[in-house]
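Participant: To start, I am sharing the structure in question, which I have written as structure tokens.
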Amino acid sequence: MVKTKIAVLVSGGGTNLQALIDAQGRGEIPHGEIVLVIANKADAYALTRAEQAGIPAVVITKAACGGDQEVFEETLLAQLAACDIDLIVLAGFMAILSQRFTDAYEKRILNVHPSLIPSFCGEGFYGLRVHKAALEKGVKVTGATVHYVNEIPDGGEIILQKAVEIEAGDTPEILQRRVMEQAEWKILPQAVEIVSKKLANR
């Protein structure tokens with residue numbers, strides 16, 4: 001069986017990358033294989049996770065591209081092409097990608113967002129900010145969403161969502177952890193398999 005070649009783009013700790021590596025190890029992504037990790041920060045712990053899993057990893061920073069977004073994206077695209085990548089997964093990748101980039105991989109870029117889109121999403125909503133906003137609003141249920149990436153932040157078609165209840169005494173940090181454990185780490189591998197299967201059967 002021809003497997004969908006997956007690149008995971010990261011910026012930080014790589015907990016979602018680890019969830020994908022673990023799911024792959026358990027045979028939960030039979031139609032895909034993570035063949036590349038790209039970090040846009042040289043000190044991202046996700047690079048260590050990739051190394052421990054024996055996955056090739058590279059660092060491409062905007063600073064190294066002279067701070068030029070176009071050069072940065074060209075460098076990314078060249079690296080993806082060199083590895084024959086079919087599917088891109090953004091796992092805590094803290095860089096906005098232009099329409100030119102997203103169009104090049106239309107319906108082939110996935111992102112996981114720590115809320116139930118369309119709540120608490122879009123520009124400026126990332127990391128702990130999302131959970132802080134949910135708690136300030138007083139919602140009783142939050143969760144995570146895996147969606148296709150287009151030129152609008154968190155604007156692409158939704159693939160999977162999973163709800164997580166907010167509990168008394170939750171802080172943004174506690175809520176972030178529960179959303180990761182109960183939602184993100186479950187639906188991200190599921191969505192990756194759904195799309196990998198679709199691409200593998202093209």
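Lettering and numbering for the structure tokens are positional, with chains as A, B, ... in the shown order, residues counted from 1 in each chain, and ligands counted from 1 in the shown order.
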Might you pull out every residue within 12 Å of A:Gln24, with only C-alpha atoms counted and same-chain residues fewer than 6 positions away left off, and present them as a list in words?

Facilitator: Ile6, Leu17, Gln18, Pro30, His31, Gly32, Glu33, Ile34, Val35, Ala53, Leu188, Pro189, Gln190, Val192 and Glu193 of chain A

Participant: Env of A:Thr102: 9 Å cut, atoms = only C-alpha atoms, seq-sep filter 6 positions within chain, self excluded. Answer as a PyMOL selection string.

Facilitator: chain A and resi 108-109+149-151

Participant: So that I have them on file, write out the residues from the current selection with N, CA, C and O atoms, as a PDB file, in the first residue's frame.

Facilitator:
ATOM      1  N   ARG A 108      -4.835  19.873   1.785  1.00  0.00           N
ATOM      2  CA  ARG A 108      -3.745  18.977   2.181  1.00  0.00           C
ATOM      3  C   ARG A 108      -2.937  19.562   3.338  1.00  0.00           C
ATOM      4  O   ARG A 108      -1.805  19.165   3.586  1.00  0.00           O
ATOM      5  N   ILE A 109      -3.534  20.553   4.035  1.00  0.00           N
ATOM      6  CA  ILE A 109      -2.921  21.111   5.255  1.00  0.00           C
ATOM      7  C   ILE A 109      -3.970  21.024   6.362  1.00  0.00           C
ATOM      8  O   ILE A 109      -5.094  21.511   6.201  1.00  0.00           O
ATOM      9  N   VAL A 149      -6.666  23.937   6.416  1.00  0.00           N
ATOM     10  CA  VAL A 149      -6.112  25.290   6.503  1.00  0.00           C
ATOM     11  C   VAL A 149      -6.295  25.995   5.166  1.00  0.00           C
ATOM     12  O   VAL A 149      -5.958  25.451   4.113  1.00  0.00           O
ATOM     13  N   ASN A 150      -6.847  27.208   5.236  1.00  0.00           N
ATOM     14  CA  ASN A 150      -6.873  28.079   4.058  1.00  0.00           C
ATOM     15  C   ASN A 150      -6.269  29.426   4.453  1.00  0.00           C
ATOM     16  O   ASN A 150      -5.610  29.525   5.482  1.00  0.00           O
ATOM     17  N   GLU A 151      -6.503  30.453   3.638  1.00  0.00           N
ATOM     18  CA  GLU A 151      -5.856  31.751   3.889  1.00  0.00           C
ATOM     19  C   GLU A 151      -6.426  32.494   5.093  1.00  0.00           C
ATOM     20  O   GLU A 151      -5.838  33.458   5.576  1.00  0.00           O
TER      21      GLU A 151
END

Participant: Got a sec: who's within 9 Å of stretch 175-186 of chain A, counting only C-alpha atoms, leaving out chain neighbours fewer than 3 positions off, as a ChimeraX atom specification?

Facilitator: /A:15-16,18-20,23,112-115,127-128,130-132,135,142-146,161-167,170-172,189-190

Participant: Running DSSP on the backbone, which parts of stretch 49-98 of chain A land in strand (DSSP E or B), as a list in words?

Facilitator: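 Put together, the selection reads Ala57, Val58, Val59, Leu87, Ile88, Val89 and Leu90 of chain A.
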
Participant: Generate the output file for the selected residues, C-alpha atoms, as a CSV table (one decimal), in the first residue's frame.

Facilitator:
chain,number,residue,atom,x,y,z
A,57,ALA,CA,13.8,17.1,11.1
A,58,VAL,CA,14.9,20.5,9.7
A,59,VAL,CA,14.9,24.0,11.0
A,87,LEU,CA,0.0,16.1,3.6
A,88,ILE,CA,1.1,18.9,6.0
A,89,VAL,CA,0.0,18.9,9.7
A,90,LEU,CA,0.4,22.1,11.7

Participant: When DSSP works through the backbone of this structure, what residues of stretch 80-169 of chain A end up as alpha helix (DSSP H), shown as a VMD selection string?

Facilitator: chain A and resid 80 to 82 99 to 104 128 to 137

Participant: Output all heavy atoms for every residue in the selection just made, as a short mmCIF file (atom, residue, chain, number, x, y, z; two decimals), in the first residue's frame.

Facilitator:
data_model
loop_
_atom_site.label_atom_id
_atom_site.label_comp_id
_atom_site.auth_asym_id
_atom_site.auth_seq_id
_atom_site.Cartn_x
_atom_site.Cartn_y
_atom_site.Cartn_z
N LEU A 80 9.48 20.73 1.34
CA LEU A 80 8.34 19.81 1.23
C LEU A 80 8.37 19.05 -0.09
O LEU A 80 8.14 17.84 -0.13
CB LEU A 80 7.02 20.59 1.37
CG LEU A 80 6.78 21.23 2.75
CD1 LEU A 80 5.69 22.29 2.67
CD2 LEU A 80 6.42 20.17 3.79
N ALA A 81 8.70 19.77 -1.16
CA ALA A 81 8.78 19.14 -2.48
C ALA A 81 9.92 18.12 -2.53
O ALA A 81 9.77 17.04 -3.11
CB ALA A 81 8.97 20.21 -3.55
N ALA A 82 11.05 18.47 -1.92
CA ALA A 82 12.21 17.58 -1.92
C ALA A 82 11.90 16.25 -1.23
O ALA A 82 12.46 15.21 -1.58
CB ALA A 82 13.39 18.26 -1.23
N GLN A 99 -1.94 32.90 1.38
CA GLN A 99 -2.85 32.17 0.49
C GLN A 99 -2.06 31.43 -0.59
O GLN A 99 -2.45 30.34 -1.02
CB GLN A 99 -3.85 33.13 -0.15
CG GLN A 99 -4.86 32.39 -1.02
CD GLN A 99 -6.02 33.25 -1.45
OE1 GLN A 99 -6.15 34.41 -1.05
NE2 GLN A 99 -6.89 32.68 -2.26
N ARG A 100 -0.96 32.02 -1.01
CA ARG A 100 -0.14 31.38 -2.03
C ARG A 100 0.35 30.01 -1.55
O ARG A 100 0.35 29.03 -2.28
CB ARG A 100 1.06 32.29 -2.35
CG ARG A 100 1.80 31.92 -3.62
CD ARG A 100 2.82 33.01 -3.97
NE ARG A 100 4.04 32.38 -4.43
CZ ARG A 100 5.03 31.98 -3.64
NH1 ARG A 100 4.95 32.16 -2.35
NH2 ARG A 100 6.10 31.41 -4.14
N PHE A 101 0.73 29.96 -0.28
CA PHE A 101 1.20 28.70 0.30
C PHE A 101 0.04 27.71 0.47
O PHE A 101 0.14 26.56 0.06
CB PHE A 101 1.87 28.95 1.66
CG PHE A 101 2.53 27.73 2.24
CD1 PHE A 101 3.89 27.54 2.12
CD2 PHE A 101 1.78 26.77 2.92
CE1 PHE A 101 4.51 26.41 2.65
CE2 PHE A 101 2.39 25.64 3.46
CZ PHE A 101 3.76 25.46 3.31
N THR A 102 -1.06 28.19 1.07
CA THR A 102 -2.18 27.28 1.35
C THR A 102 -2.81 26.77 0.05
O THR A 102 -3.25 25.62 -0.01
CB THR A 102 -3.25 27.94 2.24
OG1 THR A 102 -3.74 29.13 1.63
CG2 THR A 102 -2.67 28.29 3.61
N ASP A 103 -2.81 27.60 -0.99
CA ASP A 103 -3.36 27.16 -2.28
C ASP A 103 -2.51 26.04 -2.90
O ASP A 103 -3.01 25.17 -3.61
CB ASP A 103 -3.44 28.33 -3.27
CG ASP A 103 -4.64 29.24 -2.99
OD1 ASP A 103 -5.43 28.91 -2.08
OD2 ASP A 103 -4.76 30.28 -3.66
N ALA A 104 -1.20 26.08 -2.63
CA ALA A 104 -0.28 25.07 -3.17
C ALA A 104 -0.57 23.68 -2.58
O ALA A 104 -0.28 22.66 -3.21
CB ALA A 104 1.16 25.46 -2.89
N LEU A 128 -2.66 29.60 25.29
CA LEU A 128 -3.44 29.85 26.51
C LEU A 128 -4.49 30.94 26.32
O LEU A 128 -5.49 30.96 27.04
CB LEU A 128 -2.50 30.26 27.66
CG LEU A 128 -1.77 29.12 28.38
CD1 LEU A 128 -0.79 29.68 29.38
CD2 LEU A 128 -2.74 28.17 29.07
N ARG A 129 -4.29 31.81 25.34
CA ARG A 129 -5.27 32.89 25.10
C ARG A 129 -6.66 32.32 24.83
O ARG A 129 -7.67 32.91 25.23
CB ARG A 129 -4.85 33.72 23.88
CG ARG A 129 -3.63 34.58 24.09
CD ARG A 129 -3.36 35.39 22.85
NE ARG A 129 -2.19 36.24 22.99
CZ ARG A 129 -1.89 37.22 22.15
NH1 ARG A 129 -2.67 37.46 21.11
NH2 ARG A 129 -0.82 37.95 22.33
N VAL A 130 -6.71 31.20 24.13
CA VAL A 130 -7.99 30.57 23.78
C VAL A 130 -8.70 30.13 25.05
O VAL A 130 -9.89 30.39 25.23
CB VAL A 130 -7.76 29.36 22.85
CG1 VAL A 130 -9.08 28.69 22.51
CG2 VAL A 130 -7.04 29.78 21.57
N HIS A 131 -7.98 29.47 25.94
CA HIS A 131 -8.59 28.93 27.16
C HIS A 131 -8.96 30.04 28.13
O HIS A 131 -9.98 29.96 28.82
CB HIS A 131 -7.63 27.92 27.79
CG HIS A 131 -7.23 26.84 26.84
ND1 HIS A 131 -8.11 25.91 26.36
CD2 HIS A 131 -6.04 26.59 26.22
CE1 HIS A 131 -7.48 25.10 25.52
NE2 HIS A 131 -6.23 25.50 25.41
N LYS A 132 -8.15 31.08 28.16
CA LYS A 132 -8.44 32.25 29.01
C LYS A 132 -9.75 32.89 28.55
O LYS A 132 -10.62 33.21 29.36
CB LYS A 132 -7.27 33.25 28.89
CG LYS A 132 -7.31 34.39 29.87
CD LYS A 132 -5.97 35.12 29.89
CE LYS A 132 -5.97 36.30 30.84
NZ LYS A 132 -6.67 37.47 30.31
N ALA A 133 -9.90 33.04 27.23
CA ALA A 133 -11.11 33.65 26.67
C ALA A 133 -12.35 32.80 26.97
O ALA A 133 -13.42 33.33 27.32
CB ALA A 133 -10.96 33.83 25.16
N ALA A 134 -12.20 31.49 26.88
CA ALA A 134 -13.33 30.58 27.16
C ALA A 134 -13.77 30.71 28.62
O ALA A 134 -14.97 30.78 28.92
CB ALA A 134 -12.94 29.14 26.84
N LEU A 135 -12.79 30.76 29.53
CA LEU A 135 -13.11 30.89 30.95
C LEU A 135 -13.72 32.25 31.27
O LEU A 135 -14.67 32.34 32.05
CB LEU A 135 -11.85 30.65 31.80
CG LEU A 135 -11.31 29.21 31.80
CD1 LEU A 135 -9.97 29.14 32.50
CD2 LEU A 135 -12.30 28.24 32.43
N GLU A 136 -13.19 33.29 30.66
CA GLU A 136 -13.73 34.65 30.88
C GLU A 136 -15.16 34.77 30.39
O GLU A 136 -15.98 35.46 30.97
CB GLU A 136 -12.84 35.69 30.18
CG GLU A 136 -11.55 35.98 30.95
CD GLU A 136 -10.58 36.86 30.17
OE1 GLU A 136 -10.88 37.21 29.02
OE2 GLU A 136 -9.50 37.18 30.73
N LYS A 137 -15.47 34.05 29.32
CA LYS A 137 -16.82 34.10 28.74
C LYS A 137 -17.79 33.28 29.58
O LYS A 137 -19.01 33.49 29.52
CB LYS A 137 -16.78 33.55 27.30
CG LYS A 137 -18.02 33.85 26.50
CD LYS A 137 -18.07 35.31 26.09
CE LYS A 137 -19.30 35.59 25.24
NZ LYS A 137 -19.47 37.01 24.96
#

Participant: Between A:Asp154, A:Ala200, A:Lys5, A:Lys140, which has the minimum distance to A:Phe120 (counting only C-alpha atoms)?

Facilitator: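 Under the stated criterion, the closest residue is A:Asp154.
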
Participant: For each of A:Ala46, A:Ile117, A:Ile29, A:Ile55, take the minimum atom-to-atom distance to A:Thr4, counting only C-alpha atoms, then give the residue where this is smallest.

Facilitator: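 Nearest to A:Thr4: A:Ile29.
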
Participant: Got a sec: who's within 9 Å of stretch 40-42 of chain A, counting only C-alpha atoms, leaving out chain neighbours fewer than 2 positions off, as a list in words?

Facilitator: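 Here the qualifying residues turn out to be Leu9, Val10, Ser11, Gly12, Ile38, Ala44, Tyr45, Leu47, Val58, Val59, Ile60, Thr61, Lys62, Phe93, Met94 and Ala95 of chain A.
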